[in-house]
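Heads up, the thing below is written out as structure tokens.
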Amino acid sequence: MKTLLARVLALLLLAAPSLALAQEALNVQVPDVPLVDQHGRPVRLWSDLVRGQTVAINFIFTRCKTICSPMTATLARVQKELGASGPPVRFISITLDVTNDTPERLGQFAQRFAPGPHWSFLTGEPDKVKEALTALGGYTPDKEAHRPLVLVGNATAGKWLRVDGLGSASSILEAIREVRAASAPPAELDVDSASARDASAARYFTNTELVDQHGKTHRFYEDLIRGRKVLINFAFTSCKGVCSPMTKHLAELQRKLGGRVGKDITMITLSVDPANDSPESLARFTKKFGVGPGWYFLTGSRENISLVLKKLGGYTDDPNAHSSTLLIGDAATGMWVKAPAMSFVDNLVYAVEHLNDPR
């Protein structure tokens with residue numbers, strides 16, 4: 001009886017802090033660590049399971065006597081309710097107990113929940129599993145004290161939510177639908193014919209005139225976006241926070257993309273502080289980071305720059321509260337996604353190069 005009461009108390013204590021989670025937005029960087037699934041197959045976390053997918057991730061161990069089974073059962077209900085509606089969702093369960101959780105034991109645990117082909121139960125080398133758990137917010141030194149978290153996200157869109165794993169299946173379904181929506185192209189661009197798509201994109205992005213760091217005026221859509229892949233972020237020159245490290249990071253991305261920037265790829269940084277960001281101050285800012293051709297730092301009248309920022313979700317009354325999102329799009333296909341601008345450079349390169357891959 002005491003053992004049973006202790007288990008019930010542990011369940012309640014573990015569940016209590018999760019109630020405050022409800023649905024919490026996060027910035028997540030998924031490492032490409034090698035792991036092993038319940039069938040004994042080697043997989044890479046990012047390359048094989050997360051990249052280009054909507055995912056729901058939880059953290060369990062097979063000898064758990066409290067929250068692991070009910071939490072996994074809730075995910076099983078989510079999987080069943082999703083059925084064949086929309087793009088497939090990848091479910092991932094990572095062990096907190098690599099010492100005991102072999103692929104065989106994970107397989108036996110998984111069978112109780114009738115997982116489909118898109119559900120991977122993962123173990124592996126202790127250091128690799130720990131790296132994955134730490135990056136995803138699931139690591140704890142004491143596996144018995146782990147929290148009932150479900151991480152729902154889409155890395156391409158840069159949208160991640162943490163949900164209470166002991167809550168209802170509907171709350172997890174809601175999070176899945178939200179990140180799916182974030183990874184979809186803008187509805188204005190979701191049209192069939194190339195000419196109709198071009199006309200729609202022109203209306204959406206507008207040909208508002210903006211001025212670059214060299215003092216040259218550009219029509220936003222026709223001169224900078226039409227017919228190209230485009231990377232767009234938001235910054236300002238007097239920023240004391242993320243702008244400098246973000247620009248340095250994106251300069252490395254420009255170097256990795258090589259000579260394509262300025263040809264079929266355009267990089268654009270929009271000032272969120274046009275009152276103070278003149279072409280001259282933008283030029284001084286770009287010089288610090290070795291910005292190359294094909295990357296345009298744009299300012300202009302408050303009216304013009306505000307119009308474009310509002311179209312792209314980058315407008316803010318307070319420059320210090322600006323978005324650090326990177327928009328990646330292809331004007332020719334109408335495919336647009338979001339990613340954190342500080343994501344691993346190689347991941348951003350992949351997102352650009354495989355933007356139009358089937359999803």
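Chain labels follow the order of the structure tokens: the first chain is A, the next B, and so on; residue numbering restarts at 1 in every chain, and ligands are counted from 1 in their shown order.
Residues of stretch 260-356 of chain A that DSSP, applied to the backbone, places in strand (DSSP E or B): A:Val261, A:Ile265, A:Thr266, A:Met267, A:Ile268, A:Thr269, A:Leu270, A:Ser271, A:Trp295, A:Tyr296, A:Phe297, A:Leu298, A:Thr299, A:Thr325, A:Leu326, A:Leu327, A:Ile328, A:Gly329, A:Asp330, A:Met335, A:Trp336, A:Val337, A:Lys338, A:Ala339, A:Pro340.
Those residues that approach A:Gly227 to within 8 Å, counting only C-alpha atoms, are A:Asp264, A:Asp330, A:Ala331, A:Ala332; same-chain residues fewer than 3 positions away are not listed.
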Please produce an output containing C-alpha atoms for each residue in the selection, written as a short mmCIF file (atom, residue, chain, number, x, y, z; two decimals), in the first residue's frame.
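Below is the file selection.cif, written as the result:
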```cif
data_model
loop_
_atom_site.label_atom_id
_atom_site.label_comp_id
_atom_site.auth_asym_id
_atom_site.auth_seq_id
_atom_site.Cartn_x
_atom_site.Cartn_y
_atom_site.Cartn_z
CA ASP A 264 19.32 32.89 -58.00
CA ASP A 330 10.94 30.69 -53.49
CA ALA A 331 8.95 33.27 -55.44
CA ALA A 332 8.74 30.94 -58.44
#
```
Filtered DSSP result for stretch 84-257 of chain A, state alpha helix (DSSP H), as a PDB file with N, CA and C atoms, in the first residue's frame:
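Output contents, as saved in out15.pdb:
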```pdb
ATOM      1  N   PRO A 103      17.052  -1.597 -27.708  1.00  0.00           N
ATOM      2  CA  PRO A 103      16.014  -1.562 -28.748  1.00  0.00           C
ATOM      3  C   PRO A 103      14.920  -2.603 -28.517  1.00  0.00           C
ATOM      4  N   GLU A 104      15.317  -3.791 -28.047  1.00  0.00           N
ATOM      5  CA  GLU A 104      14.330  -4.853 -27.823  1.00  0.00           C
ATOM      6  C   GLU A 104      13.321  -4.448 -26.745  1.00  0.00           C
ATOM      7  N   ARG A 105      13.810  -3.880 -25.642  1.00  0.00           N
ATOM      8  CA  ARG A 105      12.907  -3.468 -24.568  1.00  0.00           C
ATOM      9  C   ARG A 105      12.010  -2.306 -25.020  1.00  0.00           C
ATOM     10  N   LEU A 106      12.577  -1.405 -25.776  1.00  0.00           N
ATOM     11  CA  LEU A 106      11.754  -0.318 -26.301  1.00  0.00           C
ATOM     12  C   LEU A 106      10.672  -0.865 -27.235  1.00  0.00           C
ATOM     13  N   GLY A 107      11.046  -1.872 -28.032  1.00  0.00           N
ATOM     14  CA  GLY A 107      10.077  -2.489 -28.932  1.00  0.00           C
ATOM     15  C   GLY A 107       8.934  -3.135 -28.182  1.00  0.00           C
ATOM     16  N   GLN A 108       9.269  -3.827 -27.072  1.00  0.00           N
ATOM     17  CA  GLN A 108       8.232  -4.464 -26.265  1.00  0.00           C
ATOM     18  C   GLN A 108       7.324  -3.423 -25.614  1.00  0.00           C
ATOM     19  N   PHE A 109       7.937  -2.345 -25.131  1.00  0.00           N
ATOM     20  CA  PHE A 109       7.155  -1.250 -24.531  1.00  0.00           C
ATOM     21  C   PHE A 109       6.232  -0.628 -25.575  1.00  0.00           C
ATOM     22  N   ALA A 110       6.762  -0.405 -26.771  1.00  0.00           N
ATOM     23  CA  ALA A 110       5.995   0.253 -27.833  1.00  0.00           C
ATOM     24  C   ALA A 110       4.786  -0.562 -28.270  1.00  0.00           C
ATOM     25  N   GLN A 111       4.920  -1.884 -28.276  1.00  0.00           N
ATOM     26  CA  GLN A 111       3.838  -2.745 -28.770  1.00  0.00           C
ATOM     27  C   GLN A 111       2.519  -2.513 -28.040  1.00  0.00           C
ATOM     28  N   PRO A 126      25.196   6.667 -24.598  1.00  0.00           N
ATOM     29  CA  PRO A 126      24.755   7.594 -23.540  1.00  0.00           C
ATOM     30  C   PRO A 126      25.025   9.060 -23.845  1.00  0.00           C
ATOM     31  N   ASP A 127      26.216   9.379 -24.379  1.00  0.00           N
ATOM     32  CA  ASP A 127      26.528  10.788 -24.628  1.00  0.00           C
ATOM     33  C   ASP A 127      25.668  11.365 -25.747  1.00  0.00           C
ATOM     34  N   LYS A 128      25.333  10.535 -26.737  1.00  0.00           N
ATOM     35  CA  LYS A 128      24.501  11.011 -27.848  1.00  0.00           C
ATOM     36  C   LYS A 128      23.050  11.207 -27.403  1.00  0.00           C
ATOM     37  N   VAL A 129      22.555  10.268 -26.606  1.00  0.00           N
ATOM     38  CA  VAL A 129      21.192  10.407 -26.094  1.00  0.00           C
ATOM     39  C   VAL A 129      21.096  11.633 -25.191  1.00  0.00           C
ATOM     40  N   LYS A 130      22.104  11.840 -24.343  1.00  0.00           N
ATOM     41  CA  LYS A 130      22.099  13.006 -23.456  1.00  0.00           C
ATOM     42  C   LYS A 130      22.120  14.304 -24.265  1.00  0.00           C
ATOM     43  N   GLU A 131      22.902  14.337 -25.342  1.00  0.00           N
ATOM     44  CA  GLU A 131      22.944  15.522 -26.189  1.00  0.00           C
ATOM     45  C   GLU A 131      21.567  15.829 -26.775  1.00  0.00           C
ATOM     46  N   ALA A 132      20.891  14.774 -27.234  1.00  0.00           N
ATOM     47  CA  ALA A 132      19.552  14.963 -27.793  1.00  0.00           C
ATOM     48  C   ALA A 132      18.572  15.441 -26.722  1.00  0.00           C
ATOM     49  N   LEU A 133      18.587  14.782 -25.564  1.00  0.00           N
ATOM     50  CA  LEU A 133      17.667  15.150 -24.489  1.00  0.00           C
ATOM     51  C   LEU A 133      17.902  16.591 -24.031  1.00  0.00           C
ATOM     52  N   THR A 134      19.159  16.976 -23.914  1.00  0.00           N
ATOM     53  CA  THR A 134      19.480  18.336 -23.456  1.00  0.00           C
ATOM     54  C   THR A 134      18.980  19.375 -24.453  1.00  0.00           C
ATOM     55  N   ALA A 135      19.229  19.130 -25.740  1.00  0.00           N
ATOM     56  CA  ALA A 135      18.807  20.082 -26.771  1.00  0.00           C
ATOM     57  C   ALA A 135      17.297  20.228 -26.827  1.00  0.00           C
ATOM     58  N   LEU A 136      16.587  19.151 -26.546  1.00  0.00           N
ATOM     59  CA  LEU A 136      15.122  19.151 -26.657  1.00  0.00           C
ATOM     60  C   LEU A 136      14.412  19.481 -25.349  1.00  0.00           C
ATOM     61  N   ALA A 169      -5.583  14.722 -25.179  1.00  0.00           N
ATOM     62  CA  ALA A 169      -5.076  14.533 -26.541  1.00  0.00           C
ATOM     63  C   ALA A 169      -5.405  15.743 -27.405  1.00  0.00           C
ATOM     64  N   SER A 170      -6.514  16.409 -27.119  1.00  0.00           N
ATOM     65  CA  SER A 170      -6.928  17.555 -27.932  1.00  0.00           C
ATOM     66  C   SER A 170      -5.938  18.706 -27.833  1.00  0.00           C
ATOM     67  N   SER A 171      -5.281  18.882 -26.670  1.00  0.00           N
ATOM     68  CA  SER A 171      -4.310  19.972 -26.531  1.00  0.00           C
ATOM     69  C   SER A 171      -3.075  19.706 -27.386  1.00  0.00           C
ATOM     70  N   ILE A 172      -2.689  18.430 -27.494  1.00  0.00           N
ATOM     71  CA  ILE A 172      -1.558  18.089 -28.346  1.00  0.00           C
ATOM     72  C   ILE A 172      -1.951  18.224 -29.817  1.00  0.00           C
ATOM     73  N   LEU A 173      -3.155  17.804 -30.146  1.00  0.00           N
ATOM     74  CA  LEU A 173      -3.649  17.969 -31.522  1.00  0.00           C
ATOM     75  C   LEU A 173      -3.688  19.443 -31.914  1.00  0.00           C
ATOM     76  N   GLU A 174      -4.088  20.298 -30.994  1.00  0.00           N
ATOM     77  CA  GLU A 174      -4.135  21.734 -31.272  1.00  0.00           C
ATOM     78  C   GLU A 174      -2.739  22.267 -31.577  1.00  0.00           C
ATOM     79  N   ALA A 175      -1.746  21.807 -30.791  1.00  0.00           N
ATOM     80  CA  ALA A 175      -0.367  22.239 -31.021  1.00  0.00           C
ATOM     81  C   ALA A 175       0.139  21.751 -32.382  1.00  0.00           C
ATOM     82  N   ILE A 176      -0.196  20.512 -32.740  1.00  0.00           N
ATOM     83  CA  ILE A 176       0.212  19.967 -34.039  1.00  0.00           C
ATOM     84  C   ILE A 176      -0.378  20.793 -35.171  1.00  0.00           C
ATOM     85  N   ARG A 177      -1.648  21.129 -35.052  1.00  0.00           N
ATOM     86  CA  ARG A 177      -2.290  21.932 -36.107  1.00  0.00           C
ATOM     87  C   ARG A 177      -1.647  23.310 -36.203  1.00  0.00           C
ATOM     88  N   GLU A 178      -1.240  23.862 -35.072  1.00  0.00           N
ATOM     89  CA  GLU A 178      -0.626  25.193 -35.082  1.00  0.00           C
ATOM     90  C   GLU A 178       0.725  25.183 -35.783  1.00  0.00           C
ATOM     91  N   VAL A 179       1.567  24.182 -35.484  1.00  0.00           N
ATOM     92  CA  VAL A 179       2.873  24.161 -36.138  1.00  0.00           C
ATOM     93  C   VAL A 179       2.752  23.771 -37.605  1.00  0.00           C
ATOM     94  N   ARG A 180       1.757  22.944 -37.937  1.00  0.00           N
ATOM     95  CA  ARG A 180       1.504  22.643 -39.341  1.00  0.00           C
ATOM     96  C   ARG A 180       1.162  23.918 -40.105  1.00  0.00           C
ATOM     97  N   ALA A 181       0.313  24.737 -39.506  1.00  0.00           N
ATOM     98  CA  ALA A 181      -0.101  25.978 -40.165  1.00  0.00           C
ATOM     99  C   ALA A 181       1.088  26.903 -40.360  1.00  0.00           C
ATOM    100  N   ALA A 182       2.019  26.912 -39.401  1.00  0.00           N
ATOM    101  CA  ALA A 182       3.190  27.781 -39.509  1.00  0.00           C
ATOM    102  C   ALA A 182       4.116  27.352 -40.632  1.00  0.00           C
ATOM    103  N   SER A 183       4.087  26.063 -40.978  1.00  0.00           N
ATOM    104  CA  SER A 183       4.983  25.563 -42.027  1.00  0.00           C
ATOM    105  C   SER A 183       4.376  25.658 -43.413  1.00  0.00           C
ATOM    106  N   ALA A 194       1.721  29.498 -62.835  1.00  0.00           N
ATOM    107  CA  ALA A 194       2.875  30.348 -62.548  1.00  0.00           C
ATOM    108  C   ALA A 194       2.522  31.817 -62.690  1.00  0.00           C
ATOM    109  N   SER A 195       1.754  32.160 -63.711  1.00  0.00           N
ATOM    110  CA  SER A 195       1.406  33.566 -63.922  1.00  0.00           C
ATOM    111  C   SER A 195       0.493  34.081 -62.824  1.00  0.00           C
ATOM    112  N   ALA A 196      -0.478  33.253 -62.417  1.00  0.00           N
ATOM    113  CA  ALA A 196      -1.370  33.657 -61.332  1.00  0.00           C
ATOM    114  C   ALA A 196      -0.598  33.787 -60.032  1.00  0.00           C
ATOM    115  N   ARG A 197       0.357  32.859 -59.802  1.00  0.00           N
ATOM    116  CA  ARG A 197       1.168  32.921 -58.594  1.00  0.00           C
ATOM    117  C   ARG A 197       2.021  34.190 -58.578  1.00  0.00           C
ATOM    118  N   ASP A 198       2.586  34.534 -59.738  1.00  0.00           N
ATOM    119  CA  ASP A 198       3.407  35.733 -59.827  1.00  0.00           C
ATOM    120  C   ASP A 198       2.574  36.983 -59.547  1.00  0.00           C
ATOM    121  N   ALA A 199       1.377  37.044 -60.131  1.00  0.00           N
ATOM    122  CA  ALA A 199       0.506  38.194 -59.910  1.00  0.00           C
ATOM    123  C   ALA A 199       0.092  38.292 -58.448  1.00  0.00           C
ATOM    124  N   SER A 200      -0.217  37.141 -57.843  1.00  0.00           N
ATOM    125  CA  SER A 200      -0.600  37.123 -56.443  1.00  0.00           C
ATOM    126  C   SER A 200       0.556  37.557 -55.557  1.00  0.00           C
ATOM    127  N   ALA A 201       1.770  37.073 -55.860  1.00  0.00           N
ATOM    128  CA  ALA A 201       2.946  37.440 -55.077  1.00  0.00           C
ATOM    129  C   ALA A 201       3.234  38.931 -55.191  1.00  0.00           C
ATOM    130  N   ALA A 202       3.074  39.480 -56.393  1.00  0.00           N
ATOM    131  CA  ALA A 202       3.309  40.912 -56.595  1.00  0.00           C
ATOM    132  C   ALA A 202       2.348  41.733 -55.744  1.00  0.00           C
ATOM    133  N   ARG A 203       1.077  41.291 -55.685  1.00  0.00           N
ATOM    134  CA  ARG A 203       0.105  42.006 -54.859  1.00  0.00           C
ATOM    135  C   ARG A 203       0.444  41.876 -53.382  1.00  0.00           C
ATOM    136  N   TYR A 204       0.881  40.678 -53.000  1.00  0.00           N
ATOM    137  CA  TYR A 204       1.153  40.438 -51.591  1.00  0.00           C
ATOM    138  C   TYR A 204       2.386  41.216 -51.115  1.00  0.00           C
ATOM    139  N   PHE A 205       3.498  41.067 -51.821  1.00  0.00           N
ATOM    140  CA  PHE A 205       4.749  41.689 -51.383  1.00  0.00           C
ATOM    141  C   PHE A 205       4.815  43.173 -51.720  1.00  0.00           C
ATOM    142  N   CYS A 243      21.088  41.547 -33.059  1.00  0.00           N
ATOM    143  CA  CYS A 243      21.325  41.920 -34.462  1.00  0.00           C
ATOM    144  C   CYS A 243      22.750  41.645 -34.946  1.00  0.00           C
ATOM    145  N   SER A 244      23.742  42.025 -34.145  1.00  0.00           N
ATOM    146  CA  SER A 244      25.121  41.793 -34.584  1.00  0.00           C
ATOM    147  C   SER A 244      25.461  40.307 -34.672  1.00  0.00           C
ATOM    148  N   PRO A 245      25.210  39.506 -33.616  1.00  0.00           N
ATOM    149  CA  PRO A 245      25.490  38.072 -33.760  1.00  0.00           C
ATOM    150  C   PRO A 245      24.658  37.410 -34.851  1.00  0.00           C
ATOM    151  N   MET A 246      23.420  37.865 -35.054  1.00  0.00           N
ATOM    152  CA  MET A 246      22.585  37.299 -36.109  1.00  0.00           C
ATOM    153  C   MET A 246      23.159  37.626 -37.482  1.00  0.00           C
ATOM    154  N   THR A 247      23.613  38.867 -37.668  1.00  0.00           N
ATOM    155  CA  THR A 247      24.181  39.252 -38.964  1.00  0.00           C
ATOM    156  C   THR A 247      25.489  38.507 -39.218  1.00  0.00           C
ATOM    157  N   LYS A 248      26.293  38.354 -38.190  1.00  0.00           N
ATOM    158  CA  LYS A 248      27.528  37.570 -38.323  1.00  0.00           C
ATOM    159  C   LYS A 248      27.206  36.129 -38.706  1.00  0.00           C
ATOM    160  N   HIS A 249      26.181  35.576 -38.087  1.00  0.00           N
ATOM    161  CA  HIS A 249      25.763  34.195 -38.369  1.00  0.00           C
ATOM    162  C   HIS A 249      25.269  34.066 -39.812  1.00  0.00           C
ATOM    163  N   LEU A 250      24.460  35.017 -40.253  1.00  0.00           N
ATOM    164  CA  LEU A 250      23.940  34.968 -41.624  1.00  0.00           C
ATOM    165  C   LEU A 250      25.030  35.252 -42.653  1.00  0.00           C
ATOM    166  N   ALA A 251      26.074  35.989 -42.252  1.00  0.00           N
ATOM    167  CA  ALA A 251      27.211  36.190 -43.157  1.00  0.00           C
ATOM    168  C   ALA A 251      27.917  34.857 -43.424  1.00  0.00           C
ATOM    169  N   GLU A 252      27.969  34.005 -42.390  1.00  0.00           N
ATOM    170  CA  GLU A 252      28.520  32.664 -42.592  1.00  0.00           C
ATOM    171  C   GLU A 252      27.625  31.863 -43.522  1.00  0.00           C
ATOM    172  N   LEU A 253      26.307  32.025 -43.379  1.00  0.00           N
ATOM    173  CA  LEU A 253      25.378  31.368 -44.299  1.00  0.00           C
ATOM    174  C   LEU A 253      25.612  31.844 -45.730  1.00  0.00           C
ATOM    175  N   GLN A 254      25.817  33.142 -45.906  1.00  0.00           N
ATOM    176  CA  GLN A 254      26.082  33.663 -47.253  1.00  0.00           C
ATOM    177  C   GLN A 254      27.337  33.027 -47.848  1.00  0.00           C
ATOM    178  N   ARG A 255      28.369  32.886 -47.033  1.00  0.00           N
ATOM    179  CA  ARG A 255      29.597  32.260 -47.534  1.00  0.00           C
ATOM    180  C   ARG A 255      29.351  30.803 -47.914  1.00  0.00           C
ATOM    181  N   LYS A 256      28.538  30.094 -47.134  1.00  0.00           N
ATOM    182  CA  LYS A 256      28.245  28.688 -47.440  1.00  0.00           C
ATOM    183  C   LYS A 256      27.433  28.552 -48.728  1.00  0.00           C
ATOM    184  N   LEU A 257      26.554  29.506 -48.982  1.00  0.00           N
ATOM    185  CA  LEU A 257      25.748  29.458 -50.206  1.00  0.00           C
ATOM    186  C   LEU A 257      26.570  29.866 -51.435  1.00  0.00           C
TER     187      LEU A 257
END
```
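Separating atom CA of A:His39 from atom CA of A:Thr62 is a distance of 15.3 Å.
One finds atom CA of A:Ser323 at 20.4 Å from atom CA of A:Ser278.
Each of A:His118, A:Arg226, A:His354, A:Arg63 was checked against A:Val89 using only C-alpha atoms; the smallest atom-to-atom distance is that of A:His118.
Distance check against A:Thr269 using only C-alpha atoms: of A:Trp160, A:Phe234, A:Tyr221, A:Trp46, the minimum falls on A:Phe234.
Contact shell of A:Leu122 at 9 Å (only C-alpha atoms; same-chain neighbours under 6 positions omitted): A:Leu35, A:Val36, A:Asp37, A:Gln38, A:Val43, A:Ile92, A:Ser93, A:Ile94, A:Thr95, A:Asp101, A:Thr102, A:Pro103, A:Leu106, A:Val129.
Nearest to A:Thr325 of all the residues A:Leu224, A:Leu149, A:Ala339, A:Ile60 is A:Ala339, counting only C-alpha atoms.
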Non-local contacts of A:Arg284 (12 Å; only C-alpha atoms; under 3 positions in same chain excluded) as a list in words: Gln213, His214, Phe236, Thr237, Ser238, Asp277, Ser278, Pro279, Glu280, Ser281, Lys287, Lys288, Phe289, Gly290, Val291 and Phe297 of chain A
Using N, CA, C and O atoms, can you export the residues from the last selection as a compact mmCIF listing (two decimals), in the first residue's frame?
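For reference, out_38.txt as written:
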```txt
# COMPACT_ATOMS: atom_id res chain seq x y z
N GLN A 213 21.89 49.69 -48.74
CA GLN A 213 23.04 50.27 -48.05
C GLN A 213 23.95 51.08 -48.97
O GLN A 213 24.82 51.82 -48.51
N HIS A 214 23.75 50.95 -50.27
CA HIS A 214 24.54 51.72 -51.24
C HIS A 214 23.78 52.93 -51.76
O HIS A 214 24.27 53.63 -52.65
N PHE A 236 18.38 46.16 -36.86
CA PHE A 236 18.63 47.61 -36.92
C PHE A 236 20.04 47.86 -36.39
O PHE A 236 20.58 47.09 -35.59
N THR A 237 20.66 48.94 -36.85
CA THR A 237 22.10 49.11 -36.67
C THR A 237 22.50 49.46 -35.24
O THR A 237 23.62 49.15 -34.82
N SER A 238 21.63 50.11 -34.46
CA SER A 238 21.99 50.48 -33.09
C SER A 238 21.59 49.42 -32.08
O SER A 238 21.66 49.65 -30.87
N ASP A 277 18.11 54.40 -39.30
CA ASP A 277 18.95 53.61 -40.20
C ASP A 277 18.97 54.23 -41.60
O ASP A 277 18.09 53.97 -42.43
N SER A 278 19.99 55.03 -41.85
CA SER A 278 20.20 55.61 -43.18
C SER A 278 21.00 54.63 -44.02
O SER A 278 21.60 53.68 -43.48
N PRO A 279 21.05 54.81 -45.33
CA PRO A 279 21.93 53.96 -46.14
C PRO A 279 23.38 53.99 -45.64
O PRO A 279 24.06 52.95 -45.64
N GLU A 280 23.82 55.14 -45.17
CA GLU A 280 25.21 55.26 -44.69
C GLU A 280 25.44 54.41 -43.43
O GLU A 280 26.46 53.70 -43.33
N SER A 281 24.50 54.47 -42.49
CA SER A 281 24.68 53.68 -41.27
C SER A 281 24.56 52.19 -41.57
O SER A 281 25.26 51.36 -40.98
N LYS A 287 29.69 46.47 -43.33
CA LYS A 287 31.16 46.35 -43.51
C LYS A 287 31.78 45.57 -42.36
O LYS A 287 32.75 44.83 -42.55
N LYS A 288 31.20 45.70 -41.16
CA LYS A 288 31.75 45.00 -39.99
C LYS A 288 31.68 43.49 -40.14
O LYS A 288 32.45 42.75 -39.51
N PHE A 289 30.74 43.00 -40.96
CA PHE A 289 30.50 41.56 -41.04
C PHE A 289 30.88 40.97 -42.40
O PHE A 289 30.63 39.79 -42.65
N GLY A 290 31.51 41.76 -43.24
CA GLY A 290 31.95 41.24 -44.53
C GLY A 290 30.81 40.82 -45.43
O GLY A 290 30.91 39.82 -46.15
N VAL A 291 29.70 41.57 -45.39
CA VAL A 291 28.54 41.26 -46.22
C VAL A 291 28.91 41.37 -47.69
O VAL A 291 29.50 42.36 -48.13
N PHE A 297 20.56 45.40 -47.44
CA PHE A 297 20.07 45.95 -46.18
C PHE A 297 19.22 47.15 -46.54
O PHE A 297 19.71 48.13 -47.13
```
Env of A:Gly262: 6 Å cut, atoms = only C-alpha atoms, seq-sep filter 4 positions within chain, self excluded. Answer as a ChimeraX atom specification. /A:266,293-294
How about saving the chosen residues, all heavy atoms kept, as a PDB file, in the first residue's frame?
```pdb
ATOM      1  N   THR A 266      18.608  35.724 -53.203  1.00  0.00           N
ATOM      2  CA  THR A 266      18.751  37.075 -52.676  1.00  0.00           C
ATOM      3  C   THR A 266      18.606  37.034 -51.169  1.00  0.00           C
ATOM      4  O   THR A 266      17.721  36.352 -50.642  1.00  0.00           O
ATOM      5  CB  THR A 266      17.669  38.013 -53.261  1.00  0.00           C
ATOM      6  OG1 THR A 266      17.852  38.126 -54.668  1.00  0.00           O
ATOM      7  CG2 THR A 266      17.750  39.398 -52.638  1.00  0.00           C
ATOM      8  N   PRO A 293      28.059  40.756 -52.095  1.00  0.00           N
ATOM      9  CA  PRO A 293      27.021  41.126 -53.066  1.00  0.00           C
ATOM     10  C   PRO A 293      25.826  40.176 -52.993  1.00  0.00           C
ATOM     11  O   PRO A 293      25.968  38.999 -52.664  1.00  0.00           O
ATOM     12  CB  PRO A 293      27.746  40.981 -54.416  1.00  0.00           C
ATOM     13  CG  PRO A 293      29.203  41.048 -54.088  1.00  0.00           C
ATOM     14  CD  PRO A 293      29.347  40.452 -52.729  1.00  0.00           C
ATOM     15  N   GLY A 294      24.647  40.722 -53.307  1.00  0.00           N
ATOM     16  CA  GLY A 294      23.440  39.916 -53.289  1.00  0.00           C
ATOM     17  C   GLY A 294      22.702  39.940 -51.974  1.00  0.00           C
ATOM     18  O   GLY A 294      21.648  39.318 -51.837  1.00  0.00           O
TER      19      GLY A 294
END
```
